[in-house]
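Here the structure comes first, spelled out in structure tokens, and everything after it is commentary.
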Amino acid sequence: MSVIQSSAPELYWLAATCLLSALLWLPYVVNRFQELGPPGWQWFPAPDPLPRAAWARRTMRAHLNAVENLVVFAPLALGVVIAGLGSPGTAWACRLYFCARVAHYAVCWAGLPIVPRTLCFLAGVAAQLFLAATLLGAG
């Protein structure tokens, strides 16, 4: 167990989520190299066409969704720690958020129907709402 995980588990899960978000681009970039070859050296290359592989299009959208939601999650997790409001509930919410993002990406990659994807997304939103409620005094 790391020092961060034992003293501020919210920061541990925030760091894990940031690392996850930083790496989610790898699969679809590999696909880009497979489909288009290595990039040229032009200053202004032609716009990338959409990937032909459906899974690559889905993972691109899942990565974008993860980054968009990190902008909401990160300040909430940091706020809880800075305000000294960390609790087992907030630690659990941060862990839930991380797991929801992993599940959302996996469901998107696999091309599962909208219901599991939406449930994964909503689990992350629930974690964000819990953190926000904690900060606003309702948690």
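Ordered as shown in the structure tokens, chains take letters A, B, and onward, while each chain numbers its residues from 1 and ligands are numbered from 1 in the order shown.
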Pull the closest atom pair for each residue of range 72-119 of chain A that gets at most 8 Å from range 59-68 of chain A, along with the distance in Å to one decimal, counting only C-alpha atoms, ordering rows by chain and then ascending residue number, as a tab-separated table.
```
residue	atom	partner	partner_atom	distance
A:Val72	CA	A:Glu68	CA	7.5
A:Arg101	CA	A:Ala66	CA	6.7
A:His104	CA	A:Ala62	CA	7.2
A:Tyr105	CA	A:Ala62	CA	5.6
A:Cys108	CA	A:Thr59	CA	6.2
A:Trp109	CA	A:Thr59	CA	5.5
```
Name the residues of chain A that come out as helix (DSSP H, G or I) in a backbone DSSP run; write them as a short mmCIF file (atom, residue, chain, number, x, y, z; two decimals) with N, CA, C and O atoms, in the first residue's frame.
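The result, stored in result_33.cif:
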```cif
data_model
loop_
_atom_site.label_atom_id
_atom_site.label_comp_id
_atom_site.auth_asym_id
_atom_site.auth_seq_id
_atom_site.Cartn_x
_atom_site.Cartn_y
_atom_site.Cartn_z
N VAL A 3 1.97 5.29 0.38
CA VAL A 3 1.72 6.31 1.39
C VAL A 3 0.48 7.11 1.03
O VAL A 3 -0.36 7.40 1.89
N ILE A 4 0.35 7.46 -0.25
CA ILE A 4 -0.82 8.24 -0.68
C ILE A 4 -2.10 7.45 -0.45
O ILE A 4 -3.09 7.98 0.03
N GLN A 5 -2.06 6.16 -0.75
CA GLN A 5 -3.28 5.37 -0.63
C GLN A 5 -3.72 5.29 0.83
O GLN A 5 -4.91 5.29 1.11
N SER A 6 -2.78 5.23 1.77
CA SER A 6 -3.17 5.11 3.17
C SER A 6 -3.54 6.46 3.78
O SER A 6 -4.38 6.52 4.65
N SER A 7 -2.89 7.56 3.34
CA SER A 7 -3.18 8.86 3.95
C SER A 7 -4.30 9.62 3.23
O SER A 7 -5.05 10.35 3.85
N PRO A 9 -6.60 8.29 0.17
CA PRO A 9 -6.93 7.38 -0.93
C PRO A 9 -7.58 8.08 -2.13
O PRO A 9 -7.45 7.63 -3.25
N GLU A 10 -8.24 9.21 -1.89
CA GLU A 10 -8.82 9.97 -2.99
C GLU A 10 -7.73 10.40 -3.98
O GLU A 10 -7.93 10.35 -5.19
N LEU A 11 -6.57 10.81 -3.46
CA LEU A 11 -5.46 11.21 -4.33
C LEU A 11 -4.88 10.02 -5.09
O LEU A 11 -4.47 10.15 -6.24
N TYR A 12 -4.84 8.87 -4.42
CA TYR A 12 -4.36 7.66 -5.10
C TYR A 12 -5.24 7.35 -6.31
O TYR A 12 -4.74 7.12 -7.41
N TRP A 13 -6.57 7.36 -6.10
CA TRP A 13 -7.48 7.04 -7.19
C TRP A 13 -7.52 8.14 -8.24
O TRP A 13 -7.70 7.86 -9.43
N LEU A 14 -7.30 9.37 -7.84
CA LEU A 14 -7.18 10.46 -8.81
C LEU A 14 -5.94 10.25 -9.68
O LEU A 14 -6.02 10.36 -10.91
N ALA A 15 -4.82 9.92 -9.05
CA ALA A 15 -3.59 9.67 -9.83
C ALA A 15 -3.77 8.48 -10.76
O ALA A 15 -3.34 8.52 -11.93
N ALA A 16 -4.41 7.43 -10.28
CA ALA A 16 -4.66 6.25 -11.12
C ALA A 16 -5.56 6.61 -12.30
O ALA A 16 -5.34 6.15 -13.43
N THR A 17 -6.57 7.43 -12.05
CA THR A 17 -7.48 7.86 -13.11
C THR A 17 -6.77 8.73 -14.13
O THR A 17 -7.00 8.60 -15.34
N CYS A 18 -5.91 9.62 -13.65
CA CYS A 18 -5.13 10.46 -14.58
C CYS A 18 -4.22 9.60 -15.44
O CYS A 18 -4.12 9.81 -16.66
N LEU A 19 -3.56 8.63 -14.84
CA LEU A 19 -2.69 7.73 -15.61
C LEU A 19 -3.50 6.94 -16.63
O LEU A 19 -3.10 6.82 -17.79
N LEU A 20 -4.64 6.42 -16.21
CA LEU A 20 -5.51 5.70 -17.13
C LEU A 20 -5.89 6.60 -18.31
O LEU A 20 -5.75 6.20 -19.47
N SER A 21 -6.33 7.82 -18.01
CA SER A 21 -6.73 8.74 -19.08
C SER A 21 -5.56 9.08 -20.00
O SER A 21 -5.75 9.29 -21.20
N ALA A 22 -4.37 9.11 -19.44
CA ALA A 22 -3.18 9.42 -20.24
C ALA A 22 -2.79 8.27 -21.16
O ALA A 22 -2.10 8.50 -22.16
N LEU A 23 -3.25 7.07 -20.88
CA LEU A 23 -2.86 5.90 -21.67
C LEU A 23 -3.95 5.36 -22.59
O LEU A 23 -3.67 4.50 -23.44
N LEU A 26 -3.52 4.84 -26.52
CA LEU A 26 -2.59 3.88 -27.14
C LEU A 26 -3.24 2.90 -28.11
O LEU A 26 -2.74 2.74 -29.23
N PRO A 27 -4.33 2.22 -27.77
CA PRO A 27 -4.90 1.26 -28.72
C PRO A 27 -5.30 1.87 -30.05
O PRO A 27 -5.02 1.31 -31.11
N TYR A 28 -5.94 3.04 -30.03
CA TYR A 28 -6.38 3.57 -31.31
C TYR A 28 -5.23 4.19 -32.09
O TYR A 28 -5.29 4.25 -33.32
N VAL A 29 -4.17 4.61 -31.43
CA VAL A 29 -3.01 5.10 -32.17
C VAL A 29 -2.31 3.93 -32.86
O VAL A 29 -1.83 4.06 -34.00
N VAL A 30 -2.26 2.80 -32.21
CA VAL A 30 -1.72 1.59 -32.87
C VAL A 30 -2.53 1.30 -34.12
O VAL A 30 -1.98 0.99 -35.18
N ASN A 31 -3.85 1.42 -34.01
CA ASN A 31 -4.71 1.22 -35.18
C ASN A 31 -4.40 2.24 -36.27
O ASN A 31 -4.38 1.90 -37.46
N ARG A 32 -4.14 3.48 -35.90
CA ARG A 32 -3.81 4.52 -36.89
C ARG A 32 -2.54 4.13 -37.66
O ARG A 32 -2.46 4.29 -38.87
N PHE A 33 -1.53 3.62 -36.95
CA PHE A 33 -0.30 3.19 -37.61
C PHE A 33 -0.56 2.00 -38.53
O PHE A 33 0.02 1.92 -39.61
N GLN A 34 -1.42 1.09 -38.10
CA GLN A 34 -1.75 -0.07 -38.94
C GLN A 34 -2.46 0.37 -40.21
O GLN A 34 -2.19 -0.14 -41.28
N GLU A 35 -3.38 1.31 -40.08
CA GLU A 35 -4.19 1.71 -41.23
C GLU A 35 -3.49 2.74 -42.12
O GLU A 35 -3.66 2.71 -43.34
N LEU A 36 -2.74 3.66 -41.52
CA LEU A 36 -2.18 4.78 -42.29
C LEU A 36 -0.66 4.74 -42.43
O LEU A 36 -0.10 5.52 -43.21
N ALA A 54 -14.14 -0.27 -36.45
CA ALA A 54 -15.18 0.28 -35.58
C ALA A 54 -14.70 0.37 -34.13
O ALA A 54 -14.99 1.34 -33.43
N TRP A 55 -13.92 -0.62 -33.68
CA TRP A 55 -13.45 -0.58 -32.29
C TRP A 55 -12.55 0.63 -32.06
O TRP A 55 -12.57 1.22 -30.98
N ALA A 56 -11.77 1.02 -33.06
CA ALA A 56 -10.88 2.17 -32.91
C ALA A 56 -11.69 3.47 -32.80
O ALA A 56 -11.37 4.35 -32.00
N ARG A 57 -12.76 3.57 -33.58
CA ARG A 57 -13.63 4.76 -33.47
C ARG A 57 -14.26 4.82 -32.08
O ARG A 57 -14.34 5.88 -31.47
N ARG A 58 -14.69 3.66 -31.59
CA ARG A 58 -15.32 3.63 -30.26
C ARG A 58 -14.32 3.98 -29.16
O ARG A 58 -14.65 4.72 -28.22
N THR A 59 -13.09 3.48 -29.27
CA THR A 59 -12.11 3.80 -28.22
C THR A 59 -11.68 5.26 -28.28
O THR A 59 -11.39 5.85 -27.25
N MET A 60 -11.67 5.85 -29.47
CA MET A 60 -11.39 7.29 -29.57
C MET A 60 -12.45 8.08 -28.81
O MET A 60 -12.13 9.00 -28.05
N ARG A 61 -13.70 7.72 -29.00
CA ARG A 61 -14.79 8.42 -28.31
C ARG A 61 -14.75 8.16 -26.80
O ARG A 61 -15.01 9.07 -26.01
N ALA A 62 -14.41 6.93 -26.41
CA ALA A 62 -14.32 6.62 -24.98
C ALA A 62 -13.20 7.41 -24.32
O ALA A 62 -13.34 7.88 -23.19
N HIS A 63 -12.07 7.56 -25.03
CA HIS A 63 -10.96 8.34 -24.49
C HIS A 63 -11.37 9.80 -24.34
O HIS A 63 -11.12 10.43 -23.30
N LEU A 64 -12.01 10.35 -25.35
CA LEU A 64 -12.48 11.73 -25.27
C LEU A 64 -13.45 11.90 -24.10
O LEU A 64 -13.36 12.87 -23.33
N ASN A 65 -14.34 10.95 -23.91
CA ASN A 65 -15.29 11.00 -22.81
C ASN A 65 -14.57 10.95 -21.47
O ASN A 65 -14.94 11.67 -20.53
N ALA A 66 -13.53 10.13 -21.37
CA ALA A 66 -12.77 10.04 -20.12
C ALA A 66 -12.08 11.36 -19.80
O ALA A 66 -12.08 11.82 -18.65
N VAL A 67 -11.50 11.99 -20.81
CA VAL A 67 -10.82 13.28 -20.60
C VAL A 67 -11.84 14.35 -20.21
O VAL A 67 -11.61 15.14 -19.29
N GLU A 68 -12.97 14.37 -20.89
CA GLU A 68 -14.01 15.37 -20.57
C GLU A 68 -14.49 15.22 -19.13
O GLU A 68 -14.74 16.21 -18.44
N ASN A 69 -14.62 13.99 -18.66
CA ASN A 69 -15.12 13.77 -17.30
C ASN A 69 -14.04 13.92 -16.25
O ASN A 69 -14.34 14.19 -15.09
N LEU A 70 -12.78 13.76 -16.63
CA LEU A 70 -11.68 13.99 -15.70
C LEU A 70 -11.68 15.44 -15.23
O LEU A 70 -11.33 15.75 -14.09
N VAL A 71 -12.09 16.35 -16.11
CA VAL A 71 -12.16 17.77 -15.77
C VAL A 71 -13.16 18.02 -14.64
O VAL A 71 -13.00 18.97 -13.87
N VAL A 72 -14.15 17.19 -14.51
CA VAL A 72 -15.12 17.30 -13.42
C VAL A 72 -14.62 16.55 -12.19
O VAL A 72 -14.66 17.07 -11.07
N PHE A 73 -14.13 15.34 -12.39
CA PHE A 73 -13.73 14.49 -11.27
C PHE A 73 -12.53 15.03 -10.50
O PHE A 73 -12.53 15.05 -9.27
N ALA A 74 -11.50 15.48 -11.22
CA ALA A 74 -10.26 15.89 -10.57
C ALA A 74 -10.46 17.01 -9.54
O ALA A 74 -10.00 16.88 -8.40
N PRO A 75 -11.13 18.11 -9.89
CA PRO A 75 -11.30 19.15 -8.88
C PRO A 75 -12.15 18.70 -7.70
O PRO A 75 -11.93 19.15 -6.57
N LEU A 76 -13.11 17.82 -7.95
CA LEU A 76 -13.92 17.33 -6.84
C LEU A 76 -13.08 16.50 -5.88
O LEU A 76 -13.15 16.68 -4.65
N ALA A 77 -12.28 15.58 -6.42
CA ALA A 77 -11.43 14.75 -5.57
C ALA A 77 -10.41 15.61 -4.82
O ALA A 77 -10.19 15.42 -3.62
N LEU A 78 -9.79 16.54 -5.53
CA LEU A 78 -8.83 17.44 -4.87
C LEU A 78 -9.51 18.29 -3.81
O LEU A 78 -8.97 18.49 -2.72
N GLY A 79 -10.70 18.78 -4.12
CA GLY A 79 -11.43 19.60 -3.16
C GLY A 79 -11.74 18.87 -1.88
O GLY A 79 -11.61 19.42 -0.78
N VAL A 80 -12.12 17.62 -2.00
CA VAL A 80 -12.42 16.81 -0.81
C VAL A 80 -11.17 16.69 0.06
O VAL A 80 -11.23 16.84 1.29
N VAL A 81 -10.03 16.43 -0.56
CA VAL A 81 -8.79 16.27 0.21
C VAL A 81 -8.36 17.61 0.81
O VAL A 81 -8.04 17.68 2.00
N ILE A 82 -8.38 18.67 0.02
CA ILE A 82 -7.95 19.99 0.51
C ILE A 82 -8.84 20.46 1.66
O ILE A 82 -8.35 21.04 2.63
N PRO A 88 -14.17 7.27 4.36
CA PRO A 88 -14.29 6.00 3.62
C PRO A 88 -15.26 6.13 2.44
O PRO A 88 -15.05 5.53 1.39
N GLY A 89 -16.29 6.94 2.58
CA GLY A 89 -17.25 7.14 1.49
C GLY A 89 -16.64 7.85 0.30
O GLY A 89 -16.89 7.47 -0.85
N THR A 90 -15.85 8.89 0.56
CA THR A 90 -15.23 9.61 -0.56
C THR A 90 -14.15 8.76 -1.21
O THR A 90 -13.98 8.82 -2.43
N ALA A 91 -13.43 7.99 -0.41
CA ALA A 91 -12.43 7.08 -0.99
C ALA A 91 -13.12 6.04 -1.87
O ALA A 91 -12.65 5.74 -2.98
N TRP A 92 -14.24 5.52 -1.40
CA TRP A 92 -15.00 4.54 -2.18
C TRP A 92 -15.51 5.17 -3.47
O TRP A 92 -15.48 4.55 -4.52
N ALA A 93 -15.99 6.41 -3.39
CA ALA A 93 -16.49 7.09 -4.59
C ALA A 93 -15.38 7.28 -5.62
O ALA A 93 -15.61 7.10 -6.82
N CYS A 94 -14.19 7.61 -5.17
CA CYS A 94 -13.07 7.79 -6.09
C CYS A 94 -12.67 6.46 -6.72
O CYS A 94 -12.36 6.40 -7.92
N ARG A 95 -12.69 5.39 -5.94
CA ARG A 95 -12.40 4.06 -6.48
C ARG A 95 -13.49 3.66 -7.48
O ARG A 95 -13.20 3.11 -8.55
N LEU A 96 -14.75 3.93 -7.14
CA LEU A 96 -15.86 3.64 -8.05
C LEU A 96 -15.67 4.39 -9.36
O LEU A 96 -15.88 3.83 -10.44
N TYR A 97 -15.28 5.65 -9.28
CA TYR A 97 -15.09 6.45 -10.50
C TYR A 97 -14.03 5.80 -11.39
O TYR A 97 -14.24 5.64 -12.59
N PHE A 98 -12.90 5.42 -10.80
CA PHE A 98 -11.84 4.78 -11.58
C PHE A 98 -12.36 3.49 -12.24
O PHE A 98 -12.16 3.28 -13.44
N CYS A 99 -13.02 2.65 -11.46
CA CYS A 99 -13.52 1.38 -12.00
C CYS A 99 -14.58 1.62 -13.07
O CYS A 99 -14.63 0.88 -14.07
N ALA A 100 -15.41 2.62 -12.89
CA ALA A 100 -16.43 2.95 -13.89
C ALA A 100 -15.77 3.38 -15.20
O ALA A 100 -16.24 3.03 -16.29
N ARG A 101 -14.67 4.14 -15.12
CA ARG A 101 -13.97 4.58 -16.34
C ARG A 101 -13.33 3.40 -17.05
O ARG A 101 -13.37 3.31 -18.27
N VAL A 102 -12.74 2.47 -16.28
CA VAL A 102 -12.16 1.27 -16.89
C VAL A 102 -13.26 0.47 -17.58
O VAL A 102 -13.12 0.03 -18.72
N ALA A 103 -14.37 0.27 -16.88
CA ALA A 103 -15.48 -0.50 -17.45
C ALA A 103 -16.07 0.20 -18.67
O ALA A 103 -16.37 -0.47 -19.67
N HIS A 104 -16.22 1.51 -18.62
CA HIS A 104 -16.77 2.26 -19.75
C HIS A 104 -15.89 2.06 -20.99
O HIS A 104 -16.39 1.80 -22.09
N TYR A 105 -14.59 2.17 -20.82
CA TYR A 105 -13.67 2.00 -21.94
C TYR A 105 -13.76 0.58 -22.50
O TYR A 105 -13.83 0.38 -23.72
N ALA A 106 -13.78 -0.41 -21.60
CA ALA A 106 -13.84 -1.82 -22.04
C ALA A 106 -15.14 -2.10 -22.79
O ALA A 106 -15.14 -2.78 -23.82
N VAL A 107 -16.24 -1.57 -22.28
CA VAL A 107 -17.55 -1.78 -22.93
C VAL A 107 -17.57 -1.12 -24.31
O VAL A 107 -18.08 -1.69 -25.27
N CYS A 108 -16.99 0.08 -24.39
CA CYS A 108 -16.92 0.76 -25.69
C CYS A 108 -16.04 -0.02 -26.66
O CYS A 108 -16.41 -0.22 -27.82
N TRP A 109 -14.90 -0.46 -26.21
CA TRP A 109 -13.97 -1.22 -27.07
C TRP A 109 -14.66 -2.47 -27.60
O TRP A 109 -14.57 -2.80 -28.78
N ALA A 110 -15.39 -3.14 -26.71
CA ALA A 110 -16.04 -4.39 -27.10
C ALA A 110 -17.27 -4.16 -27.97
O ALA A 110 -17.76 -5.10 -28.60
N ILE A 114 -25.85 0.02 -25.81
CA ILE A 114 -25.86 1.30 -25.09
C ILE A 114 -26.17 1.13 -23.60
O ILE A 114 -25.68 1.91 -22.78
N VAL A 115 -26.94 0.14 -23.20
CA VAL A 115 -27.32 0.01 -21.79
C VAL A 115 -26.10 -0.22 -20.90
O VAL A 115 -25.91 0.51 -19.92
N PRO A 116 -25.22 -1.19 -21.18
CA PRO A 116 -24.06 -1.33 -20.29
C PRO A 116 -23.14 -0.11 -20.32
O PRO A 116 -22.59 0.29 -19.29
N ARG A 117 -22.99 0.48 -21.49
CA ARG A 117 -22.14 1.67 -21.59
C ARG A 117 -22.72 2.80 -20.74
O ARG A 117 -22.00 3.47 -19.99
N THR A 118 -24.02 2.99 -20.82
CA THR A 118 -24.67 4.05 -20.05
C THR A 118 -24.59 3.77 -18.56
O THR A 118 -24.36 4.68 -17.76
N LEU A 119 -24.75 2.51 -18.16
CA LEU A 119 -24.65 2.17 -16.73
C LEU A 119 -23.24 2.45 -16.20
O LEU A 119 -23.10 2.97 -15.08
N CYS A 120 -22.22 2.13 -16.98
CA CYS A 120 -20.84 2.44 -16.57
C CYS A 120 -20.66 3.94 -16.43
O CYS A 120 -20.07 4.43 -15.45
N PHE A 121 -21.15 4.69 -17.41
CA PHE A 121 -21.04 6.14 -17.37
C PHE A 121 -21.76 6.70 -16.14
O PHE A 121 -21.23 7.55 -15.42
N LEU A 122 -22.97 6.22 -15.88
CA LEU A 122 -23.76 6.73 -14.76
C LEU A 122 -23.13 6.38 -13.41
O LEU A 122 -23.28 7.13 -12.44
N ALA A 123 -22.42 5.26 -13.32
CA ALA A 123 -21.70 4.95 -12.09
C ALA A 123 -20.64 6.02 -11.81
O ALA A 123 -20.47 6.45 -10.67
N GLY A 124 -19.95 6.46 -12.86
CA GLY A 124 -18.98 7.53 -12.69
C GLY A 124 -19.64 8.84 -12.30
O GLY A 124 -19.13 9.59 -11.46
N VAL A 125 -20.78 9.14 -12.89
CA VAL A 125 -21.52 10.36 -12.55
C VAL A 125 -21.98 10.29 -11.09
O VAL A 125 -21.90 11.29 -10.36
N ALA A 126 -22.43 9.13 -10.64
CA ALA A 126 -22.85 8.98 -9.25
C ALA A 126 -21.69 9.27 -8.30
O ALA A 126 -21.86 9.93 -7.27
N ALA A 127 -20.50 8.79 -8.66
CA ALA A 127 -19.32 9.06 -7.83
C ALA A 127 -19.04 10.56 -7.79
O ALA A 127 -18.74 11.12 -6.72
N GLN A 128 -19.14 11.23 -8.93
CA GLN A 128 -18.92 12.67 -8.98
C GLN A 128 -19.96 13.41 -8.12
O GLN A 128 -19.62 14.34 -7.39
N LEU A 129 -21.20 12.98 -8.22
CA LEU A 129 -22.27 13.63 -7.44
C LEU A 129 -22.04 13.45 -5.95
O LEU A 129 -22.29 14.37 -5.16
N PHE A 130 -21.56 12.28 -5.53
CA PHE A 130 -21.28 12.05 -4.12
C PHE A 130 -20.19 12.98 -3.63
O PHE A 130 -20.30 13.58 -2.55
N LEU A 131 -19.12 13.12 -4.43
CA LEU A 131 -18.03 14.01 -4.04
C LEU A 131 -18.53 15.46 -3.97
O LEU A 131 -18.19 16.20 -3.06
N ALA A 132 -19.32 15.87 -4.96
CA ALA A 132 -19.87 17.23 -4.96
C ALA A 132 -20.77 17.46 -3.75
O ALA A 132 -20.70 18.51 -3.10
N ALA A 133 -21.61 16.49 -3.44
CA ALA A 133 -22.49 16.61 -2.27
C ALA A 133 -21.67 16.72 -0.99
O ALA A 133 -22.02 17.49 -0.08
N THR A 134 -20.58 15.98 -0.91
CA THR A 134 -19.71 16.06 0.26
C THR A 134 -19.15 17.47 0.40
O THR A 134 -19.14 18.06 1.48
N LEU A 135 -18.68 18.02 -0.71
CA LEU A 135 -18.11 19.37 -0.69
C LEU A 135 -19.16 20.43 -0.36
O LEU A 135 -18.86 21.45 0.29
#
```
Residue nearest Gly137 in chain A among A:Ala8, A:Leu85, A:Leu24, A:Ala53 (counting only C-alpha atoms)
A:Leu85
